[in-house]
Every structure is written in C-alpha cells, then in structure tokens.
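J.: Have a look at this one before I ask anything.
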Amino acid sequence: MEEKIKHLIEEVDAFRVESKEQLESFRLKFLSKKGILAEVFSEMKSIEPALRKDVGKWVNELKNKAEEKLRIGAEELESSSDTGEADIDFTLPGEPNELGARHPLSIVRRDIIDIFGRIGYTVAYGPEIEDDWHNFSALNFPDNHPARDMQDTFFIEKNPDIALRTHTSSVQVRVMETTKPPIRILAPGLVYRNEAISARAHCFFHQIEGLYVDEGVSFADLKQTLYYFAQQMFDEKTQVRFRPSYFPFTEPSAEMDISCNICGGKGCNVCKYSGWVEILGCGMVHPNVLENCKIDSKKYSGFAFGMGIERIAMLRYQINDLRIFSENDVRFLKQFTSL
Ligand code: DAH
C-alpha cells in the first residue's frame, strides 16, 4: 500500500499542465468522486490500525500535492490565455506597417544627380557656414560692389568675414582650388538668405550647382547639356530658351527658361501667360574666377549653372507654395510614397 502511494505521489509530482483538457483528466483521475484518492481513502478502512497512522500520512501528502497541482495548473492556464496563443484569432486582419516616403526635395535632388551622373558628373559638397572668399570674393564679387546685395546675406555678428552661404556656387571655388581640370561636378545643398518668408521665398532653400571645366568648353556645350537636362527632367516636348543675364562669376551669363510644362506653352497662371518659366542661371565661368582658383584661363574654359531644387519640385508636382516643403505635414509628404 505504502509503495503504491509513493508511486502515485511521483506521478503527481511529474505532472506538467499543458491544456485545459489534460488538467481536467488529471482532476478526474485523482480528485473526483470515483478517482484514485477516493479509492485510497476507502481502502484505508481495511488497513490494520497499527499501520493506519503511517499510511494516512502518505495519503494526505498525495491529496495535498494533487490539489496543489490542480490549483497551480488552473492558474497557469488562466494567465497564459491572457497573452498566449490559445485565444489568438487568426482571422483578424493584421495591422499594416505604414511605408515611409522620400521627401519630394530628396526625390528631385536624386533625379537631377542621376541625370547629370549619366553624362559624367560626380557630387561635391561644401560647408554651409562659409567665408567671404568662397561665397563672394573668389566668385568675382568686388568689395562694396552692389552685386553683393543681389543676395541678402546672414552674417555672423562677431565676424563679418563669415556668413551662411547664399548659394552653392561657393562649392565651385572649393573644388577648383583643390582639383585639376577636367572637372565635372554637381554641388547640392542648403543655402540661406535674409528674406521675408512667403509662398515664393524662404530664408533657407536648396540649390544644385553644376560646373564643367576643361580645355575648349564652349557656350554650345552649355546649351546642349542643359537642353538634355530639361528633356530628361520634364519630358521630350520640353523646349528651352536662354535670356542674357548678369552674374559676377560668369561671362556671358544667361537665365534658362523651359516651355511651361503645365499649359504646354499656351499660357496659364504658372507661366504668367508667357508660356515660359525660368528654372536656372548659367554662364561661362569668368576668367577671373578661374585665375582666383589658380586655373590657367588661357588654357581652360568652363560653364556653370545653378538652380533651386524647390523651384523644380514646384513645377514638377504643381505645388504653388514653397513653405509646404519645410512644414512636415504628413498629409503632404505621404503623397510621395511610391517615388
Ligand atoms: N548662384 C546663383 C544664385 O544663387 C545661381 C547661378 C547662376 C549659379 C549662374 C551659377 C551660374 O553657377 O553660372 O542665384
């Protein structure tokens, strides 16, 4: 009898709860009215009184252990059903992971770099905090010349020699100072101007500067390169025209217009009914600029161009307020998910 009960205790100890059904059959086997314990208790009656006390101790231990197992097993099942697999409804729809989107300015910048990359341009960077030499003097802006007022500049208060760059043309100078021709680079980046914020102007915006310097570079090369760019950026029907302009660092200088991609040149409020929209400034690098960078202007010539990325993005996506690019409104930003 004692031996039998010890085996039963071992069986109870070894029991591990895995499911409701299994716990219920444990209960039926040991603790129900017709279970093992009931049977053992009734057998106790026929045991010799002298042995009864000892056997009774074992039987009580078996009973306590079985009841404890049942209680703990029920608790375990309860807590695992809160988070566990037992109650998961696999038919519920999943929670979607929302896709992030590239910023439209990043998309346009990437595309511009891509288009020029196909004809051999690489990317160069320069600092946003710039000195007078790289932002102005080396680019042929004479001291106290009104051309410096073309761009309202943020100067650092304590040192008038340091400013936030007003254009990425400063990177031209840095590249020409450190690289021998042939040079073919694009310089994307942020620029800053002390302007009132409106739908058409901001105190910071993005530009891309382009520079090509080699022997025998001509204005014809400039025109063909920028024509190729306009057709790749917009579409094959896009026409270009060049209007004479003035920049201190190029001679001759021009501004390039493209045929209005919204009305196809017929006239609308984007092109102010002219059929053309301006997209960039350009020209042949002024010999003074080459010489300032220790490049022999008798041997080498080059062209440069600069454009505002916001402007290109506004034309491409028909956006009429430049402020929206820096407001981080997700309703705007998530429209670019697939690009
Ligand atoms: N730096 C000029 C601007 O910020 C843009 C520009 C015009 C860049 C003509 C050039 C250029 O390289 O040749 O308005």
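Numbering starts fresh at 1 for the residues of each chain in the structure tokens, the chains themselves are lettered A, B, ... in the order given, and ligands are numbered from 1 as they appear.
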Neighbours of ligand 1 within 7 Å, counting only C-alpha atoms and all ligand atoms, as an mmCIF file with N, CA and C atoms, in the first residue's frame?
T.:
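So out_13.cif came out as:
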```cif
data_model
loop_
_atom_site.group_PDB
_atom_site.id
_atom_site.type_symbol
_atom_site.label_atom_id
_atom_site.label_comp_id
_atom_site.auth_asym_id
_atom_site.auth_seq_id
_atom_site.Cartn_x
_atom_site.Cartn_y
_atom_site.Cartn_z
ATOM 1 N N THR A 166 25.093 81.906 -49.356
ATOM 2 C CA THR A 166 23.871 82.373 -50.021
ATOM 3 C C THR A 166 23.588 81.555 -51.276
ATOM 4 N N HIS A 167 24.582 80.797 -51.711
ATOM 5 C CA HIS A 167 24.413 79.947 -52.893
ATOM 6 C C HIS A 167 25.445 78.813 -52.870
ATOM 7 N N THR A 168 25.170 77.764 -53.638
ATOM 8 C CA THR A 168 26.123 76.642 -53.666
ATOM 9 C C THR A 168 27.266 76.912 -54.653
ATOM 10 N N SER A 169 27.284 78.111 -55.260
ATOM 11 C CA SER A 169 28.414 78.458 -56.133
ATOM 12 C C SER A 169 29.727 78.453 -55.350
ATOM 13 N N GLU A 209 24.336 73.233 -57.812
ATOM 14 C CA GLU A 209 25.281 73.946 -58.661
ATOM 15 C C GLU A 209 25.922 72.929 -59.588
ATOM 16 N N GLY A 210 26.157 73.329 -60.838
ATOM 17 C CA GLY A 210 26.884 72.447 -61.745
ATOM 18 C C GLY A 210 28.112 73.173 -62.275
ATOM 19 N N LEU A 211 29.183 72.428 -62.508
ATOM 20 C CA LEU A 211 30.408 73.058 -63.023
ATOM 21 C C LEU A 211 31.126 72.084 -63.948
ATOM 22 N N PHE A 247 25.616 87.688 -63.866
ATOM 23 C CA PHE A 247 26.161 87.171 -62.604
ATOM 24 C C PHE A 247 27.635 87.543 -62.617
ATOM 25 N N PHE A 249 30.137 86.007 -61.597
ATOM 26 C CA PHE A 249 31.091 84.897 -61.773
ATOM 27 C C PHE A 249 31.002 84.220 -63.138
ATOM 28 N N THR A 250 30.132 84.723 -64.020
ATOM 29 C CA THR A 250 30.067 84.153 -65.375
ATOM 30 C C THR A 250 30.035 85.275 -66.414
ATOM 31 N N SER A 253 26.556 85.589 -69.209
ATOM 32 C CA SER A 253 25.632 84.936 -68.283
ATOM 33 C C SER A 253 24.255 84.837 -68.924
ATOM 34 N N LEU A 280 16.773 78.221 -64.178
ATOM 35 C CA LEU A 280 18.152 78.274 -63.664
ATOM 36 C C LEU A 280 18.936 79.446 -64.230
ATOM 37 N N GLY A 281 20.047 79.749 -63.547
ATOM 38 C CA GLY A 281 21.027 80.716 -64.028
ATOM 39 C C GLY A 281 22.262 79.968 -64.484
ATOM 40 N N CYS A 282 22.966 80.533 -65.483
ATOM 41 C CA CYS A 282 24.122 79.811 -66.023
ATOM 42 C C CYS A 282 25.046 80.771 -66.753
ATOM 43 N N GLY A 283 26.165 80.270 -67.186
ATOM 44 C CA GLY A 283 27.073 81.102 -67.976
ATOM 45 C C GLY A 283 28.443 80.457 -68.074
ATOM 46 N N MET A 284 29.325 81.152 -68.819
ATOM 47 C CA MET A 284 30.706 80.670 -68.944
ATOM 48 C C MET A 284 31.494 81.207 -67.747
ATOM 49 N N VAL A 285 32.221 80.308 -67.091
ATOM 50 C CA VAL A 285 32.960 80.707 -65.878
ATOM 51 C C VAL A 285 33.871 81.896 -66.209
ATOM 52 N N PHE A 303 31.793 76.033 -68.024
ATOM 53 C CA PHE A 303 30.482 76.653 -67.771
ATOM 54 C C PHE A 303 29.973 76.208 -66.406
ATOM 55 N N ALA A 304 29.041 77.019 -65.893
ATOM 56 C CA ALA A 304 28.463 76.721 -64.585
ATOM 57 C C ALA A 304 26.970 77.016 -64.644
ATOM 58 N N PHE A 305 26.249 76.388 -63.759
ATOM 59 C CA PHE A 305 24.812 76.685 -63.667
ATOM 60 C C PHE A 305 24.357 76.436 -62.232
ATOM 61 N N GLY A 306 23.275 77.098 -61.880
ATOM 62 C CA GLY A 306 22.746 76.893 -60.525
ATOM 63 C C GLY A 306 21.236 76.958 -60.564
ATOM 64 N N MET A 307 20.620 76.020 -59.840
ATOM 65 C CA MET A 307 19.140 76.034 -59.829
ATOM 66 C C MET A 307 18.608 75.755 -58.426
#
```
J.: If you run DSSP on this backbone, which residues of segment 157-195 of chain A come out as strand (DSSP E or B), and could you give them as a list of chain:residue names?
T.: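 Restricting segment 157-195 of chain A to strand (DSSP E or B) produces A:Asn159, A:Pro160, A:Asp161, A:Ile162, A:Ala163, A:Leu164, A:Ile183, A:Arg184, A:Ile185, A:Leu186, A:Ala187, A:Pro188, A:Gly189, A:Leu190, A:Val191, A:Tyr192.
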J.: Report, in Å to a single decimal, how far apart atom CA of Val289 of chain A and atom CA of Val173 of chain A are.
T.: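 Between atom CA of Val173 of chain A and atom CA of Val289 of chain A the gap is 7.9 Å.
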J.: Please tabulate, as a tab-separated table, the residues of segment 103-172 of chain A that come within 8 Å of segment 183-195 of chain A, each with its closest pair of atoms and the distance in Å to one decimal, counting only C-alpha atoms and ordering rows by chain, then residue number upward.
T.:
```
residue	atom	partner	partner_atom	distance
A:Arg109	CA	A:Pro188	CA	7.5
A:Ile113	CA	A:Leu186	CA	7.2
A:Phe116	CA	A:Leu186	CA	7.9
A:Gly120	CA	A:Arg184	CA	6.8
A:Tyr121	CA	A:Arg184	CA	4.9
A:Thr122	CA	A:Ile185	CA	4.9
A:Val123	CA	A:Leu186	CA	4.8
A:Ala124	CA	A:Ala187	CA	4.9
A:Tyr125	CA	A:Ala187	CA	5.6
A:Gly126	CA	A:Ala187	CA	7.8
A:Glu128	CA	A:Val191	CA	7.0
A:Gln151	CA	A:Arg193	CA	6.6
A:Asp152	CA	A:Asn194	CA	5.0
A:Thr153	CA	A:Arg193	CA	5.3
A:Phe154	CA	A:Asn194	CA	5.8
A:Leu164	CA	A:Tyr192	CA	6.0
A:Arg165	CA	A:Val191	CA	5.6
A:Thr166	CA	A:Tyr192	CA	5.1
A:His167	CA	A:Val191	CA	5.4
A:Thr168	CA	A:Ala187	CA	6.5
A:Val171	CA	A:Ala187	CA	6.5
A:Gln172	CA	A:Ala187	CA	7.8
```
J.: Near Trp58 of chain A, counting only C-alpha atoms, which residues have an atom at most 10 Å away, once you skip same-chain residues fewer than 5 positions from it, shown as a compact mmCIF listing (two decimals) with N, CA and C atoms, in the first residue's frame?
T.:
```txt
# COMPACT_ATOMS: atom_id res chain seq x y z
N MET A 1 0.83 -1.22 0.00
CA MET A 1 0.00 0.00 0.00
C MET A 1 0.86 1.27 0.00
N GLU A 2 1.83 1.24 0.93
CA GLU A 2 2.73 2.40 1.02
C GLU A 2 3.47 2.63 -0.30
N GLU A 3 3.94 1.51 -0.85
CA GLU A 3 4.66 1.55 -2.13
C GLU A 3 3.78 2.16 -3.23
N ILE A 5 1.24 4.18 -2.94
CA ILE A 5 1.01 5.61 -2.74
C ILE A 5 2.24 6.42 -3.12
N LYS A 6 3.43 5.90 -2.78
CA LYS A 6 4.65 6.62 -3.18
C LYS A 6 4.73 6.79 -4.71
N ILE A 9 2.39 9.52 -5.71
CA ILE A 9 2.97 10.84 -5.42
C ILE A 9 3.96 11.24 -6.51
N LYS A 53 -1.80 4.93 10.80
CA LYS A 53 -1.27 6.29 11.01
C LYS A 53 -0.22 6.67 9.96
N LYS A 63 -2.86 13.68 -1.39
CA LYS A 63 -4.04 14.54 -1.57
C LYS A 63 -3.62 16.01 -1.70
N ASN A 64 -2.75 16.45 -0.76
CA ASN A 64 -2.33 17.85 -0.81
C ASN A 64 -1.61 18.18 -2.12
```
J.: From the set A:Gln318, A:Thr178, A:Arg27, A:Phe141, which residue has the shortest atom-to-atom contact distance to Tyr246 of chain A, counting only C-alpha atoms?
T.: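 Closest to Tyr246 of chain A of all the choices is A:Phe141.
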J.: How many Å lie between atom CA of His206 of chain A and atom CA of Ile258 of chain A, rounded to one decimal?
T.: 19.7 Å
J.: Please determine, counting only C-alpha atoms, which residue among A:Pro182, A:Gly35, A:Gly56, A:Gly275 has the shortest atom-to-atom distance to Tyr212 of chain A.
T.: A:Pro182
J.: Run DSSP on the backbone of this structure and report the residues of segment 56-160 of chain A it assigns to alpha helix (DSSP H), as a ChimeraX atom specification.
T.: /A:56-83,104-117,132-135
J.: For the residues in the current selection, export N, CA and C atoms as a compact mmCIF listing (two decimals), in the first residue's frame.
T.:
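The resulting out_7.txt:
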```
# COMPACT_ATOMS: atom_id res chain seq x y z
N GLY A 56 -1.72 6.85 6.52
CA GLY A 56 -2.53 8.08 6.45
C GLY A 56 -1.68 9.29 6.11
N LYS A 57 -0.45 9.36 6.66
CA LYS A 57 0.44 10.49 6.35
C LYS A 57 0.73 10.57 4.84
N TRP A 58 1.01 9.37 4.26
CA TRP A 58 1.30 9.33 2.81
C TRP A 58 0.08 9.72 1.99
N VAL A 59 -1.04 9.23 2.42
CA VAL A 59 -2.26 9.53 1.66
C VAL A 59 -2.55 11.04 1.71
N ASN A 60 -2.36 11.64 2.89
CA ASN A 60 -2.58 13.08 2.99
C ASN A 60 -1.63 13.87 2.10
N GLU A 61 -0.37 13.38 2.07
CA GLU A 61 0.59 14.08 1.21
C GLU A 61 0.15 14.00 -0.25
N LEU A 62 -0.30 12.82 -0.65
CA LEU A 62 -0.78 12.65 -2.04
C LEU A 62 -1.94 13.59 -2.33
N LYS A 63 -2.86 13.68 -1.39
CA LYS A 63 -4.04 14.54 -1.57
C LYS A 63 -3.62 16.01 -1.70
N ASN A 64 -2.75 16.45 -0.76
CA ASN A 64 -2.33 17.85 -0.81
C ASN A 64 -1.61 18.18 -2.12
N LYS A 65 -0.73 17.24 -2.52
CA LYS A 65 0.03 17.51 -3.76
C LYS A 65 -0.89 17.57 -4.98
N ALA A 66 -1.85 16.65 -5.03
CA ALA A 66 -2.77 16.62 -6.18
C ALA A 66 -3.60 17.90 -6.22
N GLU A 67 -4.08 18.35 -5.05
CA GLU A 67 -4.90 19.58 -5.02
C GLU A 67 -4.07 20.80 -5.43
N GLU A 68 -2.82 20.83 -4.93
CA GLU A 68 -1.90 21.94 -5.26
C GLU A 68 -1.64 21.99 -6.77
N LYS A 69 -1.38 20.80 -7.34
CA LYS A 69 -1.14 20.74 -8.79
C LYS A 69 -2.33 21.28 -9.57
N LEU A 70 -3.51 20.90 -9.12
CA LEU A 70 -4.73 21.32 -9.81
C LEU A 70 -4.88 22.84 -9.73
N ARG A 71 -4.63 23.39 -8.55
CA ARG A 71 -4.80 24.84 -8.36
C ARG A 71 -3.77 25.60 -9.21
N ILE A 72 -2.49 25.20 -9.10
CA ILE A 72 -1.44 25.92 -9.86
C ILE A 72 -1.66 25.76 -11.37
N GLY A 73 -2.05 24.53 -11.76
CA GLY A 73 -2.30 24.28 -13.19
C GLY A 73 -3.39 25.19 -13.72
N ALA A 74 -4.47 25.37 -12.94
CA ALA A 74 -5.58 26.23 -13.38
C ALA A 74 -5.11 27.68 -13.50
N GLU A 75 -4.28 28.10 -12.53
CA GLU A 75 -3.75 29.48 -12.58
C GLU A 75 -2.88 29.70 -13.81
N GLU A 76 -2.03 28.72 -14.07
CA GLU A 76 -1.13 28.85 -15.22
C GLU A 76 -1.91 28.98 -16.53
N LEU A 77 -2.93 28.14 -16.66
CA LEU A 77 -3.74 28.19 -17.89
C LEU A 77 -4.41 29.55 -18.02
N GLU A 78 -4.91 30.05 -16.91
CA GLU A 78 -5.58 31.36 -16.88
C GLU A 78 -4.65 32.45 -17.38
N SER A 79 -3.43 32.52 -16.81
CA SER A 79 -2.55 33.63 -17.18
C SER A 79 -2.01 33.47 -18.60
N SER A 80 -1.79 32.23 -19.06
CA SER A 80 -1.29 32.11 -20.42
C SER A 80 -2.37 32.42 -21.44
N SER A 81 -3.63 32.29 -21.06
CA SER A 81 -4.67 32.60 -22.05
C SER A 81 -4.84 34.11 -22.23
N ASP A 82 -4.30 34.93 -21.28
CA ASP A 82 -4.36 36.39 -21.49
C ASP A 82 -3.52 36.81 -22.68
N THR A 83 -2.32 36.25 -22.76
CA THR A 83 -1.40 36.71 -23.80
C THR A 83 -1.01 35.56 -24.73
N PRO A 104 9.83 65.12 -51.18
CA PRO A 104 9.85 65.49 -52.62
C PRO A 104 11.15 66.18 -53.04
N LEU A 105 11.74 66.95 -52.13
CA LEU A 105 13.01 67.61 -52.49
C LEU A 105 14.13 66.58 -52.65
N SER A 106 14.08 65.52 -51.84
CA SER A 106 15.08 64.45 -51.98
C SER A 106 14.89 63.72 -53.30
N ILE A 107 13.62 63.54 -53.68
CA ILE A 107 13.34 62.85 -54.95
C ILE A 107 13.90 63.66 -56.12
N VAL A 108 13.62 64.96 -56.11
CA VAL A 108 14.07 65.81 -57.21
C VAL A 108 15.60 65.91 -57.23
N ARG A 109 16.19 66.06 -56.07
CA ARG A 109 17.66 66.12 -56.00
C ARG A 109 18.28 64.82 -56.55
N ARG A 110 17.71 63.69 -56.11
CA ARG A 110 18.20 62.40 -56.60
C ARG A 110 18.11 62.33 -58.12
N ASP A 111 16.97 62.76 -58.67
CA ASP A 111 16.78 62.67 -60.12
C ASP A 111 17.75 63.58 -60.88
N ILE A 112 17.98 64.78 -60.33
CA ILE A 112 18.92 65.70 -61.00
C ILE A 112 20.33 65.08 -61.00
N ILE A 113 20.73 64.54 -59.85
CA ILE A 113 22.07 63.94 -59.74
C ILE A 113 22.19 62.75 -60.69
N ASP A 114 21.09 62.01 -60.81
CA ASP A 114 21.03 60.87 -61.71
C ASP A 114 21.21 61.28 -63.17
N ILE A 115 20.47 62.32 -63.56
CA ILE A 115 20.51 62.77 -64.96
C ILE A 115 21.91 63.25 -65.34
N PHE A 116 22.53 64.04 -64.48
CA PHE A 116 23.89 64.52 -64.78
C PHE A 116 24.93 63.42 -64.55
N GLY A 117 24.62 62.49 -63.64
CA GLY A 117 25.53 61.37 -63.41
C GLY A 117 25.74 60.57 -64.69
N ASP A 132 33.92 84.83 -46.67
CA ASP A 132 33.65 85.79 -47.74
C ASP A 132 34.33 85.39 -49.05
N TRP A 133 35.53 84.85 -48.94
CA TRP A 133 36.28 84.47 -50.15
C TRP A 133 35.50 83.47 -51.00
N HIS A 134 35.04 82.39 -50.38
CA HIS A 134 34.39 81.34 -51.18
C HIS A 134 32.99 81.73 -51.62
N ASN A 135 32.28 82.52 -50.78
CA ASN A 135 30.91 82.86 -51.16
C ASN A 135 30.87 84.05 -52.13
```
J.: Choose the residue, out of A:Asn144, A:Gln22, A:Ser198, A:Gln232, that has the smallest atom-to-atom separation from Leu322 of chain A; count only C-alpha atoms.
T.: A:Ser198
